[in-house]
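As provided, upload_17.pdb (PDB, C-alpha atoms) reads as follows.
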ATOM      1  CA  MET D  10       7.626 -38.304 -33.627
ATOM      2  CA  LYS D  11       7.053 -36.206 -36.737
ATOM      3  CA  LYS D  12       5.207 -37.895 -39.566
ATOM      4  CA  VAL D  13       6.872 -37.792 -42.996
ATOM      5  CA  SER D  14       5.044 -38.404 -46.271
ATOM      6  CA  ILE D  15       7.025 -39.762 -49.225
ATOM      7  CA  VAL D  16       5.388 -39.180 -52.611
ATOM      8  CA  VAL D  17       6.392 -41.370 -55.571
ATOM      9  CA  PRO D  18       4.995 -40.684 -59.058
ATOM     10  CA  VAL D  19       4.922 -43.927 -61.039
ATOM     11  CA  TYR D  20       4.856 -44.296 -64.813
ATOM     12  CA  ASN D  21       5.812 -47.569 -66.509
ATOM     13  CA  SER D  22       8.440 -48.380 -63.893
ATOM     14  CA  SER D  23       7.769 -52.065 -63.391
ATOM     15  CA  SER D  24      11.418 -53.041 -63.932
ATOM     16  CA  TYR D  25      12.605 -50.904 -61.005
ATOM     17  CA  LEU D  26       9.537 -50.232 -58.891
ATOM     18  CA  GLU D  27       9.793 -53.132 -56.464
ATOM     19  CA  ALA D  28      13.368 -52.244 -55.445
ATOM     20  CA  ALA D  29      12.427 -48.570 -55.170
ATOM     21  CA  VAL D  30       9.427 -49.130 -52.908
ATOM     22  CA  GLN D  31      11.232 -51.755 -50.839
ATOM     23  CA  SER D  32      13.940 -49.194 -50.043
ATOM     24  CA  LEU D  33      11.195 -46.958 -48.636
ATOM     25  CA  VAL D  34       9.598 -49.793 -46.682
ATOM     26  CA  ASN D  35      13.008 -50.458 -45.082
ATOM     27  CA  GLN D  36      13.333 -46.976 -43.585
ATOM     28  CA  SER D  37      14.850 -46.891 -40.086
ATOM     29  CA  TYR D  38      12.593 -43.963 -39.187
ATOM     30  CA  GLY D  39       9.336 -45.292 -37.817
ATOM     31  CA  ASN D  40       6.680 -42.754 -38.822
ATOM     32  CA  CYS D  41       6.509 -42.612 -42.619
ATOM     33  CA  GLU D  42       3.641 -42.879 -45.045
ATOM     34  CA  ILE D  43       4.398 -43.843 -48.635
ATOM     35  CA  ILE D  44       2.096 -42.480 -51.319
ATOM     36  CA  LEU D  45       2.412 -44.140 -54.720
ATOM     37  CA  VAL D  46       0.674 -42.290 -57.557
ATOM     38  CA  ASN D  47       0.152 -44.232 -60.765
ATOM     39  CA  ASP D  48       0.337 -41.768 -63.664
ATOM     40  CA  GLY D  49      -1.519 -43.801 -66.262
ATOM     41  CA  SER D  50       1.018 -46.631 -66.545
ATOM     42  CA  THR D  51       0.462 -49.152 -69.316
ATOM     43  CA  ASP D  52       2.737 -51.850 -67.880
ATOM     44  CA  ASP D  53       2.155 -53.794 -64.636
ATOM     45  CA  SER D  54       3.310 -50.957 -62.343
ATOM     46  CA  LEU D  55      -0.169 -50.603 -60.833
ATOM     47  CA  GLU D  56      -0.278 -54.291 -59.895
ATOM     48  CA  ILE D  57       3.095 -53.971 -58.154
ATOM     49  CA  MET D  58       1.866 -50.894 -56.296
ATOM     50  CA  LYS D  59      -1.274 -52.664 -55.119
ATOM     51  CA  SER D  60       0.701 -55.677 -53.921
ATOM     52  CA  PHE D  61       2.711 -53.377 -51.638
ATOM     53  CA  GLU D  62      -0.439 -51.607 -50.450
ATOM     54  CA  GLU D  63      -1.943 -54.945 -49.438
ATOM     55  CA  ARG D  64       1.138 -55.885 -47.412
ATOM     56  CA  TYR D  65       1.936 -52.602 -45.658
ATOM     57  CA  ASP D  66      -0.406 -50.376 -43.664
ATOM     58  CA  ASN D  67       1.624 -47.224 -44.347
ATOM     59  CA  ILE D  68       1.362 -47.429 -48.145
ATOM     60  CA  ILE D  69      -1.379 -45.574 -50.030
ATOM     61  CA  CYS D  70      -1.964 -46.047 -53.763
ATOM     62  CA  ALA D  71      -3.672 -43.554 -56.050
ATOM     63  CA  THR D  72      -4.098 -43.459 -59.810
ATOM     64  CA  GLN D  73      -4.746 -40.842 -62.467
ATOM     65  CA  SER D  74      -4.677 -40.556 -66.244
ATOM     66  CA  ASN D  75      -1.249 -39.790 -67.687
ATOM     67  CA  GLN D  76      -0.608 -36.127 -66.816
ATOM     68  CA  GLY D  77       3.080 -36.131 -65.931
ATOM     69  CA  ALA D  78       5.162 -36.265 -62.762
ATOM     70  CA  GLY D  79       4.169 -32.764 -61.640
ATOM     71  CA  ALA D  80       0.455 -33.559 -61.571
ATOM     72  CA  ALA D  81       1.163 -36.898 -59.865
ATOM     73  CA  ARG D  82       3.160 -35.143 -57.153
ATOM     74  CA  ASN D  83       0.376 -32.593 -56.664
ATOM     75  CA  LEU D  84      -2.066 -35.449 -56.095
ATOM     76  CA  GLY D  85       0.388 -37.066 -53.687
ATOM     77  CA  ILE D  86       0.725 -33.820 -51.725
ATOM     78  CA  ALA D  87      -3.061 -33.522 -51.538
ATOM     79  CA  LEU D  88      -3.276 -37.038 -50.076
ATOM     80  CA  SER D  89      -0.391 -36.555 -47.632
ATOM     81  CA  THR D  90      -1.016 -36.340 -43.901
ATOM     82  CA  GLY D  91       2.579 -35.846 -42.764
ATOM     83  CA  GLU D  92       4.080 -32.742 -41.184
ATOM     84  CA  TYR D  93       6.813 -32.973 -43.796
ATOM     85  CA  VAL D  94       6.827 -34.303 -47.352
ATOM     86  CA  THR D  95       9.618 -35.546 -49.591
ATOM     87  CA  PHE D  96       9.738 -37.265 -52.956
ATOM     88  CA  MET D  97      11.354 -40.180 -54.734
ATOM     89  CA  ASP D  98      11.363 -41.173 -58.402
ATOM     90  CA  SER D  99      10.105 -44.667 -59.086
ATOM     91  CA  ASP D 100      13.353 -45.907 -60.645
ATOM     92  CA  ASP D 101      15.649 -44.677 -57.856
ATOM     93  CA  GLU D 102      16.411 -46.027 -54.374
ATOM     94  CA  VAL D 103      17.279 -44.612 -50.960
ATOM     95  CA  THR D 104      19.299 -45.872 -48.013
ATOM     96  CA  GLU D 105      17.521 -47.012 -44.868
ATOM     97  CA  ASN D 106      18.478 -43.720 -43.168
ATOM     98  CA  PHE D 107      17.069 -41.442 -45.884
ATOM     99  CA  VAL D 108      14.191 -40.051 -43.812
ATOM    100  CA  LYS D 109      16.073 -40.278 -40.519
ATOM    101  CA  SER D 110      18.840 -38.029 -41.870
ATOM    102  CA  TYR D 111      16.297 -35.346 -42.768
ATOM    103  CA  ILE D 112      14.576 -35.573 -39.386
ATOM    104  CA  GLU D 113      17.882 -35.258 -37.553
ATOM    105  CA  ALA D 114      18.650 -32.122 -39.585
ATOM    106  CA  ILE D 115      15.424 -30.350 -38.589
ATOM    107  CA  LYS D 116      15.879 -30.665 -34.810
ATOM    108  CA  PRO D 117      17.751 -27.399 -34.068
ATOM    109  CA  ASN D 118      15.518 -24.791 -35.696
ATOM    110  CA  GLU D 119      12.451 -26.399 -37.291
ATOM    111  CA  PRO D 120      13.335 -25.300 -40.846
ATOM    112  CA  TYR D 121      10.752 -25.234 -43.607
ATOM    113  CA  VAL D 122      13.084 -27.016 -46.048
ATOM    114  CA  VAL D 123      15.848 -29.577 -45.576
ATOM    115  CA  ALA D 124      18.208 -30.532 -48.403
ATOM    116  CA  GLY D 125      20.398 -33.603 -48.764
ATOM    117  CA  GLY D 126      23.095 -34.992 -51.008
ATOM    118  CA  TYR D 127      22.837 -37.849 -53.451
ATOM    119  CA  ALA D 128      24.855 -40.579 -55.115
ATOM    120  CA  ILE D 129      24.772 -41.056 -58.899
ATOM    121  CA  SER D 130      25.062 -44.315 -60.809
ATOM    122  CA  PHE D 131      25.108 -44.716 -64.587
ATOM    123  CA  ASN D 132      23.844 -48.065 -65.868
ATOM    124  CA  GLY D 133      24.528 -49.557 -62.445
ATOM    125  CA  LYS D 134      28.074 -48.223 -62.167
ATOM    126  CA  PRO D 135      28.605 -45.834 -59.224
ATOM    127  CA  LEU D 136      29.969 -42.511 -60.428
ATOM    128  CA  LYS D 137      30.143 -39.990 -57.615
ATOM    129  CA  GLU D 138      28.558 -38.577 -54.500
ATOM    130  CA  LYS D 139      27.227 -35.025 -54.511
ATOM    131  CA  ARG D 140      26.993 -33.031 -51.323
ATOM    132  CA  ILE D 141      24.803 -29.950 -51.143
ATOM    133  CA  THR D 142      26.071 -26.576 -49.945
ATOM    134  CA  LYS D 143      24.174 -23.346 -49.335
ATOM    135  CA  GLU D 144      25.715 -21.760 -52.433
ATOM    136  CA  ARG D 145      24.915 -24.746 -54.665
ATOM    137  CA  LEU D 146      21.327 -24.497 -53.444
ATOM    138  CA  ALA D 147      21.189 -20.773 -54.244
ATOM    139  CA  ILE D 148      22.260 -21.304 -57.868
ATOM    140  CA  MET D 149      20.075 -24.406 -58.255
ATOM    141  CA  LYS D 150      22.888 -26.803 -59.154
ATOM    142  CA  ALA D 151      20.735 -29.727 -57.979
ATOM    143  CA  PRO D 152      17.076 -28.691 -58.286
ATOM    144  CA  ALA D 153      15.469 -32.134 -57.966
ATOM    145  CA  VAL D 154      12.802 -32.195 -55.263
ATOM    146  CA  CYS D 155      13.925 -35.726 -54.415
ATOM    147  CA  PHE D 156      16.885 -34.189 -52.586
ATOM    148  CA  ARG D 157      14.655 -31.994 -50.390
ATOM    149  CA  MET D 158      12.086 -32.330 -47.632
ATOM    150  CA  PHE D 159       9.438 -29.638 -47.182
ATOM    151  CA  ASN D 160       7.289 -28.539 -44.266
ATOM    152  CA  MET D 161       3.735 -29.275 -45.398
ATOM    153  CA  ALA D 162       2.081 -26.318 -43.667
ATOM    154  CA  TRP D 163       4.645 -23.972 -45.248
ATOM    155  CA  LEU D 164       3.973 -25.397 -48.728
ATOM    156  CA  LYS D 165       0.241 -24.874 -48.317
ATOM    157  CA  LYS D 166       0.649 -21.384 -46.846
ATOM    158  CA  ASN D 167       2.670 -20.344 -49.899
ATOM    159  CA  ASN D 168       0.429 -22.246 -52.320
ATOM    160  CA  LEU D 169       3.395 -24.055 -53.846
ATOM    161  CA  ASN D 170       2.555 -26.787 -56.314
ATOM    162  CA  PHE D 171       4.029 -28.380 -59.408
ATOM    163  CA  GLY D 172       3.421 -27.102 -62.908
ATOM    164  CA  THR D 173       2.434 -29.466 -65.684
ATOM    165  CA  TYR D 174       5.734 -29.058 -67.552
ATOM    166  CA  LYS D 175       7.171 -32.267 -68.985
ATOM    167  CA  ILE D 176      10.663 -30.851 -68.375
ATOM    168  CA  GLY D 177      11.536 -28.337 -65.661
ATOM    169  CA  GLU D 178       8.852 -28.984 -63.060
ATOM    170  CA  ASP D 179      11.477 -29.698 -60.374
ATOM    171  CA  LEU D 180      13.455 -26.595 -61.254
ATOM    172  CA  ASN D 181      10.331 -24.450 -61.105
ATOM    173  CA  PHE D 182       9.150 -25.848 -57.758
ATOM    174  CA  SER D 183      12.521 -25.947 -55.995
ATOM    175  CA  GLY D 184      13.428 -22.528 -57.377
ATOM    176  CA  LYS D 185      10.300 -20.947 -55.920
ATOM    177  CA  ALA D 186      10.967 -22.608 -52.568
ATOM    178  CA  GLN D 187      14.559 -21.329 -52.622
ATOM    179  CA  LEU D 188      13.417 -17.768 -53.382
ATOM    180  CA  LEU D 189      10.922 -17.792 -50.530
ATOM    181  CA  TYR D 190      13.157 -19.467 -47.949
ATOM    182  CA  THR D 191      16.941 -19.577 -48.029
ATOM    183  CA  ASP D 192      17.688 -20.883 -44.521
ATOM    184  CA  TYR D 193      17.732 -24.562 -45.481
ATOM    185  CA  SER D 194      19.073 -27.141 -43.084
ATOM    186  CA  LEU D 195      21.429 -29.664 -44.651
ATOM    187  CA  THR D 196      21.785 -33.384 -44.050
ATOM    188  CA  SER D 197      25.242 -34.748 -43.392
ATOM    189  CA  ARG D 198      25.269 -37.669 -45.838
ATOM    190  CA  PRO D 199      23.956 -38.418 -49.355
ATOM    191  CA  GLU D 200      21.214 -40.968 -48.684
ATOM    192  CA  TYR D 201      19.432 -40.752 -52.055
ATOM    193  CA  HIS D 202      20.636 -43.007 -54.884
ATOM    194  CA  TYR D 203      19.912 -41.479 -58.289
ATOM    195  CA  PHE D 204      20.138 -43.872 -61.239
ATOM    196  CA  VAL D 205      20.887 -42.656 -64.759
ATOM    197  CA  ARG D 206      20.109 -45.373 -67.286
ATOM    198  CA  SER D 207      20.628 -45.675 -71.037
ATOM    199  CA  GLY D 208      17.501 -44.486 -72.778
ATOM    200  CA  SER D 209      16.264 -42.496 -69.796
ATOM    201  CA  LEU D 210      16.885 -39.196 -71.602
ATOM    202  CA  ILE D 211      14.495 -37.911 -74.233
ATOM    203  CA  GLY D 212      15.523 -39.653 -77.421
ATOM    204  CA  THR D 213      12.763 -38.613 -79.806
ATOM    205  CA  ALA D 214      11.727 -35.358 -81.443
ATOM    206  CA  ASP D 215       9.414 -34.377 -78.606
ATOM    207  CA  TYR D 216       8.930 -30.632 -78.524
ATOM    208  CA  SER D 217       7.593 -30.821 -74.957
ATOM    209  CA  GLN D 218      11.232 -30.661 -73.836
ATOM    210  CA  PHE D 219      11.033 -26.939 -74.578
ATOM    211  CA  ASP D 220       8.597 -26.773 -71.652
ATOM    212  CA  LEU D 221      11.807 -26.026 -69.771
ATOM    213  CA  LEU D 222      11.732 -22.488 -71.178
ATOM    214  CA  SER D 223       8.199 -21.950 -69.863
ATOM    215  CA  ALA D 224       9.171 -23.361 -66.464
ATOM    216  CA  VAL D 225      12.128 -20.981 -66.193
ATOM    217  CA  ALA D 226      10.143 -17.970 -67.417
ATOM    218  CA  ASP D 227       7.426 -18.691 -64.848
ATOM    219  CA  LEU D 228      10.030 -18.964 -62.077
ATOM    220  CA  GLU D 229      11.600 -15.629 -62.986
ATOM    221  CA  ASN D 230       8.177 -13.965 -63.190
ATOM    222  CA  PHE D 231       7.435 -15.409 -59.740
ATOM    223  CA  ALA D 232      10.599 -13.707 -58.457
ATOM    224  CA  LYS D 233       9.696 -10.378 -60.067
ATOM    225  CA  GLU D 234       6.143 -10.406 -58.726
ATOM    226  CA  ARG D 235       7.498 -10.803 -55.195
ATOM    227  CA  ASP D 236      10.317  -8.262 -55.553
ATOM    228  CA  LEU D 237      12.869 -11.057 -55.231
ATOM    229  CA  PHE D 238      14.414 -10.844 -58.701
ATOM    230  CA  GLU D 239      17.074  -8.160 -58.323
ATOM    231  CA  GLN D 240      18.567  -9.544 -55.125
ATOM    232  CA  ASN D 241      18.738 -13.013 -56.687
ATOM    233  CA  LYS D 242      19.561 -11.973 -60.251
ATOM    234  CA  ALA D 243      23.051 -13.496 -60.454
ATOM    235  CA  GLN D 244      21.854 -16.808 -58.978
ATOM    236  CA  LEU D 245      18.814 -16.948 -61.264
ATOM    237  CA  GLU D 246      20.949 -16.071 -64.263
ATOM    238  CA  TYR D 247      23.414 -18.867 -63.581
ATOM    239  CA  MET D 248      20.469 -21.228 -63.145
ATOM    240  CA  VAL D 249      19.375 -20.235 -66.670
ATOM    241  CA  ILE D 250      22.926 -20.709 -67.997
ATOM    242  CA  THR D 251      23.209 -24.161 -66.405
ATOM    243  CA  HIS D 252      19.775 -25.621 -67.087
ATOM    244  CA  VAL D 253      18.760 -23.890 -70.316
ATOM    245  CA  LEU D 254      21.916 -22.857 -72.157
ATOM    246  CA  MET D 255      23.932 -25.949 -71.176
ATOM    247  CA  ALA D 256      21.664 -28.863 -70.266
ATOM    248  CA  GLY D 257      18.799 -27.698 -72.476
ATOM    249  CA  MET D 258      21.012 -27.685 -75.548
ATOM    250  CA  LYS D 259      22.344 -31.178 -74.838
ATOM    251  CA  ARG D 260      18.854 -32.514 -74.178
ATOM    252  CA  ALA D 261      17.701 -31.068 -77.499
ATOM    253  CA  ALA D 262      20.584 -32.792 -79.281
ATOM    254  CA  GLU D 263      19.657 -36.075 -77.637
ATOM    255  CA  GLY D 264      16.079 -35.569 -78.801
ATOM    256  CA  LYS D 265      17.048 -34.849 -82.423
ATOM    257  CA  LEU D 266      16.003 -31.199 -82.017
ATOM    258  CA  LEU D 267      19.378 -29.488 -82.110
ATOM    259  CA  GLU D 268      18.535 -27.347 -85.152
ATOM    260  CA  THR D 269      15.533 -25.881 -83.346
ATOM    261  CA  ALA D 270      17.466 -25.445 -80.114
ATOM    262  CA  LEU D 271      20.289 -23.548 -81.831
ATOM    263  CA  CYS D 272      17.711 -20.960 -82.858
ATOM    264  CA  VAL D 273      15.498 -20.917 -79.785
ATOM    265  CA  ILE D 274      17.706 -21.378 -76.702
ATOM    266  CA  PRO D 275      20.361 -18.631 -77.114
ATOM    267  CA  GLU D 276      17.635 -16.179 -78.135
ATOM    268  CA  PHE D 277      15.595 -17.068 -75.042
ATOM    269  CA  VAL D 278      18.556 -16.545 -72.712
ATOM    270  CA  GLU D 279      19.727 -13.304 -74.293
ATOM    271  CA  LYS D 280      16.240 -11.799 -74.235
ATOM    272  CA  THR D 281      16.143 -11.781 -70.419
ATOM    273  CA  HIS D 282      19.872 -11.911 -69.588
ATOM    274  CA  GLN D 283      21.709  -9.815 -72.171
ATOM    275  CA  ASP D 284      24.968  -9.850 -70.187
ATOM    276  CA  TRP D 285      24.818 -13.494 -69.109
ATOM    277  CA  TYR D 286      28.460 -14.059 -70.122
ATOM    278  CA  LYS D 287      29.538 -11.752 -67.273
ATOM    279  CA  ASN D 288      27.906 -13.955 -64.647
ATOM    280  CA  PRO D 289      30.257 -14.330 -61.638
ATOM    281  CA  TYR D 290      29.491 -18.016 -61.106
ATOM    282  CA  ILE D 291      30.792 -19.148 -64.517
ATOM    283  CA  GLU D 292      34.425 -18.980 -63.464
ATOM    284  CA  GLU D 293      33.777 -20.870 -60.236
ATOM    285  CA  TYR D 294      31.431 -23.627 -61.361
ATOM    286  CA  ALA D 295      31.725 -24.205 -65.133
ATOM    287  CA  ASP D 296      34.353 -26.721 -66.248
ATOM    288  CA  GLU D 297      36.663 -26.127 -69.210
ATOM    289  CA  GLU D 298      34.382 -27.827 -71.740
ATOM    290  CA  GLU D 299      31.436 -25.747 -70.547
ATOM    291  CA  LYS D 300      33.461 -22.529 -70.670
ATOM    292  CA  ALA D 301      34.516 -23.286 -74.248
ATOM    293  CA  TYR D 302      30.902 -23.874 -75.174
ATOM    294  CA  LEU D 303      29.748 -20.658 -73.506
ATOM    295  CA  MET D 304      32.418 -18.762 -75.434
ATOM    296  CA  ALA D 305      31.049 -20.341 -78.624
ATOM    297  CA  VAL D 306      27.553 -19.138 -77.715
ATOM    298  CA  TYR D 307      28.894 -15.660 -77.007
ATOM    299  CA  ASN D 308      30.703 -15.557 -80.362
ATOM    300  CA  GLY D 309      27.816 -17.061 -82.298
ATOM    301  CA  ASP D 310      30.053 -20.014 -83.226
ATOM    302  CA  GLU D 311      27.516 -22.622 -84.294
ATOM    303  CA  ALA D 312      30.169 -25.303 -84.881
ATOM    304  CA  GLY D 313      31.451 -24.902 -81.312
ATOM    305  CA  MET D 314      27.912 -24.991 -79.941
ATOM    306  CA  ARG D 315      27.097 -28.088 -81.974
ATOM    307  CA  LYS D 316      30.275 -29.898 -80.859
ATOM    308  CA  TYR D 317      29.350 -29.424 -77.206
ATOM    309  CA  ALA D 318      25.680 -30.292 -77.637
ATOM    310  CA  GLU D 319      26.314 -33.464 -79.604
ATOM    311  CA  ASN D 320      28.583 -34.860 -76.878
ATOM    312  CA  HIS D 321      25.542 -36.346 -75.131
ATOM    313  CA  TRP D 322      26.063 -36.127 -71.373
TER     314      TRP D 322
END
For the structure just supplied, provide its representation as structure tokens.
Amino acid sequence: MKKVSIVVPVYNSSSYLEAAVQSLVNQSYGNCEIILVNDGSTDDSLEIMKSFEERYDNIICATQSNQGAGAARNLGIALSTGEYVTFMDSDDEVTENFVKSYIEAIKPNEPYVVAGGYAISFNGKPLKEKRITKERLAIMKAPAVCFRMFNMAWLKKNNLNFGTYKIGEDLNFSGKAQLLYTDYSLTSRPEYHYFVRSGSLIGTADYSQFDLLSAVADLENFAKERDLFEQNKAQLEYMVITHVLMAGMKRAAEGKLLETALCVIPEFVEKTHQDWYKNPYIEEYADEEEKAYLMAVYNGDEAGMRKYAENHW
């Protein structure tokens, strides 16, 4: 029976942590280790973690100064002893068959990466289920590492680890994995429950949200260094459109940084993707509101860009 490590970075999650960890303890698959990494929490998250560690032999707790989720995941990977590793955020939950569904997907061909779907709830209200397809993976529509399981030996062979970006560390990591290995196996059901809560987005003028630009630039440089850029150019470009031009602008508005974003984000995109508006995936995947916004960007229509950005999520 393959051993699976589940890494959970924890920062001030005491309100949700017990339910999150309990969902991992309840896994129907019998060979899991759960690695909880305290990222300098100032609430009682560490005490909750330790109480689980005392009760369950397969739970390991570690702690570090506050360095962000990427650094916490790197520490969790270093401590992992499983053949495969996956991740969960400390305010989310999974079904009892979360790990089992991944293991069942790897049986035919021993893939290096398995991807699964997820269910979204906003403030406790179920919204929708998202299923992953090969094409959605290629254009990074759902880059969160929590919806993926990785072969540990393959990660180490390719020296894949998380950057210290406050925003974009998932996109950077999953994007590199996708460039190196496209033959993902897919799970049949969304077993991960992703919670979006009021106040969970950046709501202050924190310029670290522009780390996203560094994360994307590093990913594209990674592709160029390995001669993988040209063959993946359209997919990478749509990733930039989705996560920088669209989501990045809305996140900046939420963080009271729209004025800066209106100057920085379009310039960043156009510097590396001058013809982004011709991207073939726009017609297929962008909705009408997004298309109107992209036309505003193309025309330099600041009012149209502002209208879209200020409609927070």
task: Choose the residue, out of D:Glu92, D:Glu298, D:Asp192, D:Glu144, that has the smallest atom-to-atom separation from Asn160 (chain D); count all atoms listed in the file.
output: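 Of the candidates, the smallest distance to Asn160 (chain D) is held by D:Glu92.
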- request: Pull out every residue that the PyMOL selection byres ((chain D and resi 313) around 12) matches in the shown coordinates and put them as number ranges by chain.
  value: D: 271, 298-312, 314-320
- prompt: Around (18.9, -30.0, -68.7) in the file's own coordinates, what residues are found within 9 Å if you use all atoms listed in the file, given back as a PyMOL selection string?
  reply: chain D and resi 176-177+221+251-261
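Closest approach to Leu33 (chain D) among D:Glu246, D:Glu276, D:Glu102, D:Glu263: D:Glu102, based on only C-alpha atoms.
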message: I'd like to see the residues matched by the PyMOL selection byres ((chain D and resi 66) around 12) on this file, and ideally I'd get them as a VMD selection string.
response: chain D and resid 34 40 to 44 59 to 65 67 to 70
field: Ground truth for the PyMOL selection byres ((chain D and resi 124) around 8), written as a list in words
entry: Tyr111, Val122, Val123, Gly125, Gly126, Ile141, Phe156, Arg157, Met158, Tyr193, Ser194, Leu195 and Thr196 of chain D
query: Which one of D:Phe238, D:Ala270, D:Phe204, D:Ile250 sits closest to Gln218 (chain D) if you count only C-alpha atoms?
result: D:Ala270
- request: Select, counting all atoms listed in the file, all protein, DNA and RNA residues no farther than 12 Å from (21.1, -11.1, -57.4) in file coordinates, and express the selection as a ChimeraX atom specification.
  value: /D:147-148,188,229,232-233,236-248,288-290
task: Kindly indicate which residue among D:Leu146, D:Met58, D:Val94, D:Ile115 lies nearest to Phe159 (chain D), using only C-alpha atoms for the distances.
output: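 Using only C-alpha atoms, Phe159 (chain D) sits closest to D:Val94.
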Shell around Asp53 (chain D) at 12 Å using all atoms listed in the file, local window under 4 positions removed, as a PyMOL selection string: chain D and resi 19-27+47+49+57-60
message: When you count all atoms listed in the file, which of these residues is closest to Asn168 (chain D): D:Thr51, D:Val46, D:Val103, D:Ala87?
response: D:Ala87
message: Could you check the closest approach to Ser50 (chain D) for each of D:Gly77, D:Ala226, D:Tyr93, D:Ala186 and tell me which residue wins, using all atoms listed in the file?
response: D:Gly77
Need to verify the contact set: Gly85 (chain D), 9 Å, only C-alpha atoms, exclusion of same-chain residues closer than 4 positions in sequence. Can you return it as a CSV table (one decimal) with C-alpha atoms, in the coordinates of the input?
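Saved file result.csv follows:
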chain,number,residue,atom,x,y,z
D,14,SER,CA,5.0,-38.4,-46.3
D,15,ILE,CA,7.0,-39.8,-49.2
D,16,VAL,CA,5.4,-39.2,-52.6
D,17,VAL,CA,6.4,-41.4,-55.6
D,18,PRO,CA,5.0,-40.7,-59.1
D,44,ILE,CA,2.1,-42.5,-51.3
D,45,LEU,CA,2.4,-44.1,-54.7
D,46,VAL,CA,0.7,-42.3,-57.6
D,71,ALA,CA,-3.7,-43.6,-56.0
D,80,ALA,CA,0.5,-33.6,-61.6
D,81,ALA,CA,1.2,-36.9,-59.9
D,89,SER,CA,-0.4,-36.6,-47.6
Computed interatomic separation between CA of Glu56 (chain D) and CA of Asp98 (chain D) (Å): 17.6 Å
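Straight-line separation from CA of Lys175 (chain D) to CA of Ser217 (chain D): 6.2 Å.
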Build an axis-aligned box that encloses every atom of region 45-53 of chain D listed in the file, pad it by 8 Å on each side, and report its centre and edge lengths in Å to one decimal, as lines of an AutoDock Vina configuration file.
center_x = 0.6
center_y = -47.8
center_z = -62.0
size_x = 20.3
size_y = 28.0
size_z = 30.6
query: Which residues come within 10 Å of Asn35 (chain D), counting only C-alpha atoms, excluding same-chain residues fewer than 4 positions away, as a VMD selection string?
result: chain D and resid 30 to 31 39 103 to 107
